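*Asks:* Structure provided below as structure tokens; questions to follow.
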Amino acid sequence: MTDRRAVASVPGYDDATIAALQDVLAAEHAAVWAYTLAIAFLPADEADQARADAEAHRKLRAALEATVSQLGERPVAAQPAYTTPQPVVDAESAGALAEAAETDTMVAWRSVMQRTTTRDVRAGALETLAASTVRCSRWRAAVGSAPAIPAFPGQ
Amino acid sequence: MRDLHPGPTRRQVLAALLLAPAAVAGLGACSLGAKPQVDPLVALADQARADAALAAAAAAAQPDLAARLEPLRAARTEHAAALDAEVARQDPDAPPPGPAPTPGPQVTLGALREALQASGRSAGEVALDVPTDRVGLVASVAACCAAYAAVLA
């Protein structure tokens with residue numbers, strides 16, 4: 001673990017910002033897990049989409065882990081398993097799990113914006129919120145949640 | 001002008017965080033010190049009204065798209081109302097919002113997409129600097145606009 005004091009002076013990365021990044025990292029861990037489970041139940045075309053979405057979350061997770069480490073904190077680890085909103089038994093419940101995972105990450109990224117005033121962190125969080133909104137809209141459309149794009153993503 | 005170039009440690013950190021392509025929060029150009037007199041949410045509310053009118057006009061011009069465009073029109077109408085309410089909360093004496101401009105008769109999907117991209121960029125830039133109690137609203141508006149712009153192919 002890096003010495004916290006060595007990097008504690010990085011401007012803009014106060015404790016609240018770091019805590020927000022840890023929370024969104026936890027949500028990204030859960031999203032990767034959720035997609036891994038969902039893929040097994042999805043038809044081929046949706047499974048391909050789920051693999052692409054999972055890869056996006058893996059990249060975010062890696063970026064967050066690197067950032068948190070560079071700030072001198074130990075990145076939060078993934079849980080061995082997570083509870084799902086409903087049992088995942090078929091394509092529909094798998095799609096609903098993907099929707100739930102994206103929704104949770106949207107909430108977490110929006111929360112990052114509310115817990116920091118650092119422009120660069122806000123810019124990254126906003127881009128990610130928008131990308132997650134697009135991913136979520138595909139799963140919402142697939143499972144029939146309307147509107148596919150919520151008026152207030154992450155709220 | 002302030003020094004806008006962070007030190008190497010910070011840049012290293014940001015390079016790791018900022019993986020996503022620059023879609024929403026565009027330029028982030030230097031904002032000079034002086035506080036604007038006008039609430040920046042007023043312009044965002046006006047854009048929301050204009051986009052709602054544009055979406056309605058596009059749906060009227062192409063009825064087969066109406067079902068697809070209605071959620072967008074509804075969302076931009078909700079954005080205008082929420083932004084108006086936040087402007088009024090901050091300053092009860094703020095002048096009431098004006099009417100939306102009337103779009104021309106032939107609004108294309110491309111024109112609508114460009115308007116949404118511009119609205120997403122505006123809201124994204126405002127979201128970088130607003131206080132924490134307003135940023136959630138502005139960020140959601142920006143993300144919603146960017147997402148609609150992305151899916152309106």
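Each chain of the structure tokens is named A, B, ... in the order shown, its residues numbered from 1; ligands are numbered from 1 in display order.
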Can you list, as a compact mmCIF listing (two decimals) with C-alpha atoms, in the first residue's frame, every protein, DNA or RNA residue that comes within 8 Å of Ala130 in chain A when you count only C-alpha atoms, leaving out same-chain residues fewer than 3 positions away?

*Replies:*
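selection_16.txt written:
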# COMPACT_ATOMS: atom_id res chain seq x y z
CA LEU A 126 -20.29 13.01 -16.12
CA GLU A 127 -18.92 11.31 -19.22
CA THR A 133 -27.21 5.95 -19.46
CA VAL A 134 -26.80 4.75 -23.05
CA VAL B 24 -20.33 15.47 -22.69
CA ALA B 142 -26.50 16.69 -19.41
CA ALA B 143 -26.42 12.88 -19.37
CA CYS B 144 -30.00 12.62 -20.63
CA ALA B 146 -26.06 13.18 -24.45
CA ALA B 147 -27.78 9.79 -24.33

*Asks:* Select from chain A every residue with an atom at most 8 Å from any atom of chain B, then for each give the shortest pair of atoms and their distance in Å to one decimal, using only C-alpha atoms, rows by chain and rising number, as CSV.

*Replies:*
residue,atom,partner,partner_atom,distance
A:Val10,CA,B:Arg10,CA,5.9
A:Pro11,CA,B:Arg10,CA,7.3
A:Lys59,CA,B:Leu19,CA,7.8
A:Leu60,CA,B:Leu19,CA,7.2
A:Ala63,CA,B:Ala16,CA,4.9
A:Leu64,CA,B:Leu17,CA,5.9
A:Ala66,CA,B:Ala16,CA,6.2
A:Thr67,CA,B:Val13,CA,5.3
A:Gln70,CA,B:Val13,CA,6.5
A:Leu71,CA,B:Val13,CA,7.7
A:Arg110,CA,B:Gly136,CA,6.2
A:Ser111,CA,B:Gly136,CA,7.4
A:Met113,CA,B:Val135,CA,6.6
A:Gln114,CA,B:Thr132,CA,4.9
A:Arg115,CA,B:Thr132,CA,6.8
A:Thr116,CA,B:Thr132,CA,7.3
A:Thr117,CA,B:Thr132,CA,7.1
A:Thr118,CA,B:Leu128,CA,7.8
A:Arg119,CA,B:Leu128,CA,5.1
A:Asp120,CA,B:Leu14,CA,7.2
A:Val121,CA,B:Leu14,CA,7.7
A:Arg122,CA,B:Leu128,CA,5.9
A:Ala123,CA,B:Ala25,CA,5.6
A:Gly124,CA,B:Leu18,CA,5.1
A:Leu126,CA,B:Ala139,CA,6.5
A:Glu127,CA,B:Val24,CA,5.6
A:Thr128,CA,B:Ala20,CA,6.4
A:Leu129,CA,B:Ala143,CA,6.2
A:Ala130,CA,B:Ala143,CA,4.3
A:Ala131,CA,B:Ala147,CA,7.3
A:Thr133,CA,B:Ala147,CA,6.2
A:Val134,CA,B:Ala147,CA,5.3
A:Pro147,CA,B:Pro71,CA,6.3
A:Ile149,CA,B:Cys144,CA,6.8
A:Pro150,CA,B:Cys144,CA,7.0
A:Ala151,CA,B:Ala75,CA,4.7
A:Phe152,CA,B:Ser140,CA,4.8
A:Pro153,CA,B:Ser140,CA,5.1
A:Gly154,CA,B:Ser140,CA,6.7
A:Gln155,CA,B:Ser140,CA,7.3

*Asks:* Those same residues, written as a PDB file, in the first residue's frame with C-alpha atoms?

*Replies:*
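This is the output file selection.pdb:
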ATOM      1  CA  VAL A  10      -2.801  16.022  -4.654  1.00  0.00           C
ATOM      2  CA  PRO A  11      -5.085  19.019  -5.055  1.00  0.00           C
ATOM      3  CA  LYS A  59     -11.984  -0.682 -17.793  1.00  0.00           C
ATOM      4  CA  LEU A  60     -13.712   1.708 -15.412  1.00  0.00           C
ATOM      5  CA  ALA A  63      -9.084   3.043 -13.885  1.00  0.00           C
ATOM      6  CA  LEU A  64     -10.707   3.602 -10.496  1.00  0.00           C
ATOM      7  CA  ALA A  66      -5.374   2.833 -10.299  1.00  0.00           C
ATOM      8  CA  THR A  67      -6.644   6.247  -9.257  1.00  0.00           C
ATOM      9  CA  GLN A  70      -2.268   6.555  -6.626  1.00  0.00           C
ATOM     10  CA  LEU A  71      -4.093   8.571  -3.991  1.00  0.00           C
ATOM     11  CA  ARG A 110     -23.951  10.986 -10.213  1.00  0.00           C
ATOM     12  CA  SER A 111     -23.152  10.828  -6.523  1.00  0.00           C
ATOM     13  CA  MET A 113     -20.418  14.659  -8.885  1.00  0.00           C
ATOM     14  CA  GLN A 114     -22.311  15.671  -5.763  1.00  0.00           C
ATOM     15  CA  ARG A 115     -19.411  14.797  -3.469  1.00  0.00           C
ATOM     16  CA  THR A 116     -16.606  16.636  -5.217  1.00  0.00           C
ATOM     17  CA  THR A 117     -16.014  20.114  -6.573  1.00  0.00           C
ATOM     18  CA  THR A 118     -12.930  19.053  -8.511  1.00  0.00           C
ATOM     19  CA  ARG A 119     -13.639  19.819 -12.158  1.00  0.00           C
ATOM     20  CA  ASP A 120     -11.600  16.979 -13.617  1.00  0.00           C
ATOM     21  CA  VAL A 121     -13.293  14.385 -11.441  1.00  0.00           C
ATOM     22  CA  ARG A 122     -16.694  15.845 -12.266  1.00  0.00           C
ATOM     23  CA  ALA A 123     -15.880  15.787 -15.986  1.00  0.00           C
ATOM     24  CA  GLY A 124     -14.908  12.117 -15.857  1.00  0.00           C
ATOM     25  CA  LEU A 126     -20.287  13.009 -16.120  1.00  0.00           C
ATOM     26  CA  GLU A 127     -18.915  11.309 -19.217  1.00  0.00           C
ATOM     27  CA  THR A 128     -19.282   7.990 -17.470  1.00  0.00           C
ATOM     28  CA  LEU A 129     -22.821   8.790 -16.312  1.00  0.00           C
ATOM     29  CA  ALA A 130     -23.791   9.560 -19.911  1.00  0.00           C
ATOM     30  CA  ALA A 131     -22.167   6.376 -21.246  1.00  0.00           C
ATOM     31  CA  THR A 133     -27.213   5.953 -19.460  1.00  0.00           C
ATOM     32  CA  VAL A 134     -26.801   4.748 -23.051  1.00  0.00           C
ATOM     33  CA  PRO A 147     -38.754   5.419 -21.012  1.00  0.00           C
ATOM     34  CA  ILE A 149     -33.637   6.910 -21.269  1.00  0.00           C
ATOM     35  CA  PRO A 150     -34.845   8.317 -17.943  1.00  0.00           C
ATOM     36  CA  ALA A 151     -35.335  12.072 -17.763  1.00  0.00           C
ATOM     37  CA  PHE A 152     -32.979  12.281 -14.780  1.00  0.00           C
ATOM     38  CA  PRO A 153     -30.332   9.552 -15.084  1.00  0.00           C
ATOM     39  CA  GLY A 154     -28.810   8.555 -11.775  1.00  0.00           C
ATOM     40  CA  GLN A 155     -31.466  10.240  -9.661  1.00  0.00           C
TER      41      GLN A 155
END

*Asks:* So which residues touch Arg135 in chain A within 9 Å, counting only C-alpha atoms, skipping near sequence neighbours fewer than 3 positions away, as JSON, numbers by chain?

*Replies:* {"A": [53, 99, 102, 130, 131, 132, 138, 139, 140]}

*Asks:* For N, CA and C atoms, I'd like the residues from the last selection saved as a PDB file, in the first residue's frame.

*Replies:*
ATOM      1  N   ASP A  53     -20.525  -4.474 -22.742  1.00  0.00           N
ATOM      2  CA  ASP A  53     -20.826  -3.628 -21.572  1.00  0.00           C
ATOM      3  C   ASP A  53     -19.954  -4.030 -20.380  1.00  0.00           C
ATOM      4  N   GLU A  99     -29.910  -4.185 -16.342  1.00  0.00           N
ATOM      5  CA  GLU A  99     -30.509  -2.859 -16.133  1.00  0.00           C
ATOM      6  C   GLU A  99     -30.248  -2.379 -14.702  1.00  0.00           C
ATOM      7  N   GLU A 102     -26.574  -1.328 -14.274  1.00  0.00           N
ATOM      8  CA  GLU A 102     -26.294  -0.014 -14.878  1.00  0.00           C
ATOM      9  C   GLU A 102     -26.928   1.106 -14.059  1.00  0.00           C
ATOM     10  N   ALA A 130     -23.124   9.540 -18.603  1.00  0.00           N
ATOM     11  CA  ALA A 130     -23.791   9.560 -19.911  1.00  0.00           C
ATOM     12  C   ALA A 130     -23.618   8.220 -20.627  1.00  0.00           C
ATOM     13  N   ALA A 131     -22.414   7.660 -20.579  1.00  0.00           N
ATOM     14  CA  ALA A 131     -22.167   6.376 -21.246  1.00  0.00           C
ATOM     15  C   ALA A 131     -22.995   5.273 -20.593  1.00  0.00           C
ATOM     16  N   SER A 132     -23.104   5.310 -19.279  1.00  0.00           N
ATOM     17  CA  SER A 132     -23.884   4.317 -18.558  1.00  0.00           C
ATOM     18  C   SER A 132     -25.375   4.465 -18.890  1.00  0.00           C
ATOM     19  N   ARG A 138     -30.359   0.473 -23.487  1.00  0.00           N
ATOM     20  CA  ARG A 138     -30.536  -0.745 -24.299  1.00  0.00           C
ATOM     21  C   ARG A 138     -31.180  -1.859 -23.487  1.00  0.00           C
ATOM     22  N   TRP A 139     -30.758  -2.000 -22.240  1.00  0.00           N
ATOM     23  CA  TRP A 139     -31.347  -3.053 -21.400  1.00  0.00           C
ATOM     24  C   TRP A 139     -32.761  -2.698 -20.992  1.00  0.00           C
ATOM     25  N   ARG A 140     -33.012  -1.433 -20.752  1.00  0.00           N
ATOM     26  CA  ARG A 140     -34.386  -1.015 -20.425  1.00  0.00           C
ATOM     27  C   ARG A 140     -35.318  -1.279 -21.607  1.00  0.00           C
TER      28      ARG A 140
END

*Asks:* Enumerate, as an MDAnalysis selection string, the complete set of residues in range 23-146 of chain A that a backbone-based DSSP assignment places in alpha helix (DSSP H).

*Replies:* chainID A and resid 23:39 44:70 91:115 119:143

*Asks:* So which one's closest to Ala50 in chain B, B:Ala80, B:Leu109, B:Val126, B:Ala153? Using only C-alpha atoms, please.

*Replies:*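 For Ala50 in chain B, the nearest of the given residues is B:Ala80.
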
*Asks:* Please identify all polymer residues within 10 Å of Pro105 in chain B, counting only C-alpha atoms, omitting same-chain residues fewer than 6 positions from it, and present them as a list in words.

*Replies:*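 Result of the neighbour search: Leu54, Ala57, Ala58, Ala60 and Ala61 of chain B.
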
*Asks:* Save out the residues we just selected, C-alpha atoms, as an mmCIF file, in the first residue's frame.

*Replies:*
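result-v5.cif written:
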data_model
loop_
_atom_site.group_PDB
_atom_site.id
_atom_site.type_symbol
_atom_site.label_atom_id
_atom_site.label_comp_id
_atom_site.auth_asym_id
_atom_site.auth_seq_id
_atom_site.Cartn_x
_atom_site.Cartn_y
_atom_site.Cartn_z
ATOM 1 C CA LEU B 54 -38.060 20.954 -31.646
ATOM 2 C CA ALA B 57 -42.054 19.748 -34.470
ATOM 3 C CA ALA B 58 -39.944 16.810 -35.665
ATOM 4 C CA ALA B 60 -45.279 16.446 -36.440
ATOM 5 C CA ALA B 61 -43.110 16.481 -39.571
#
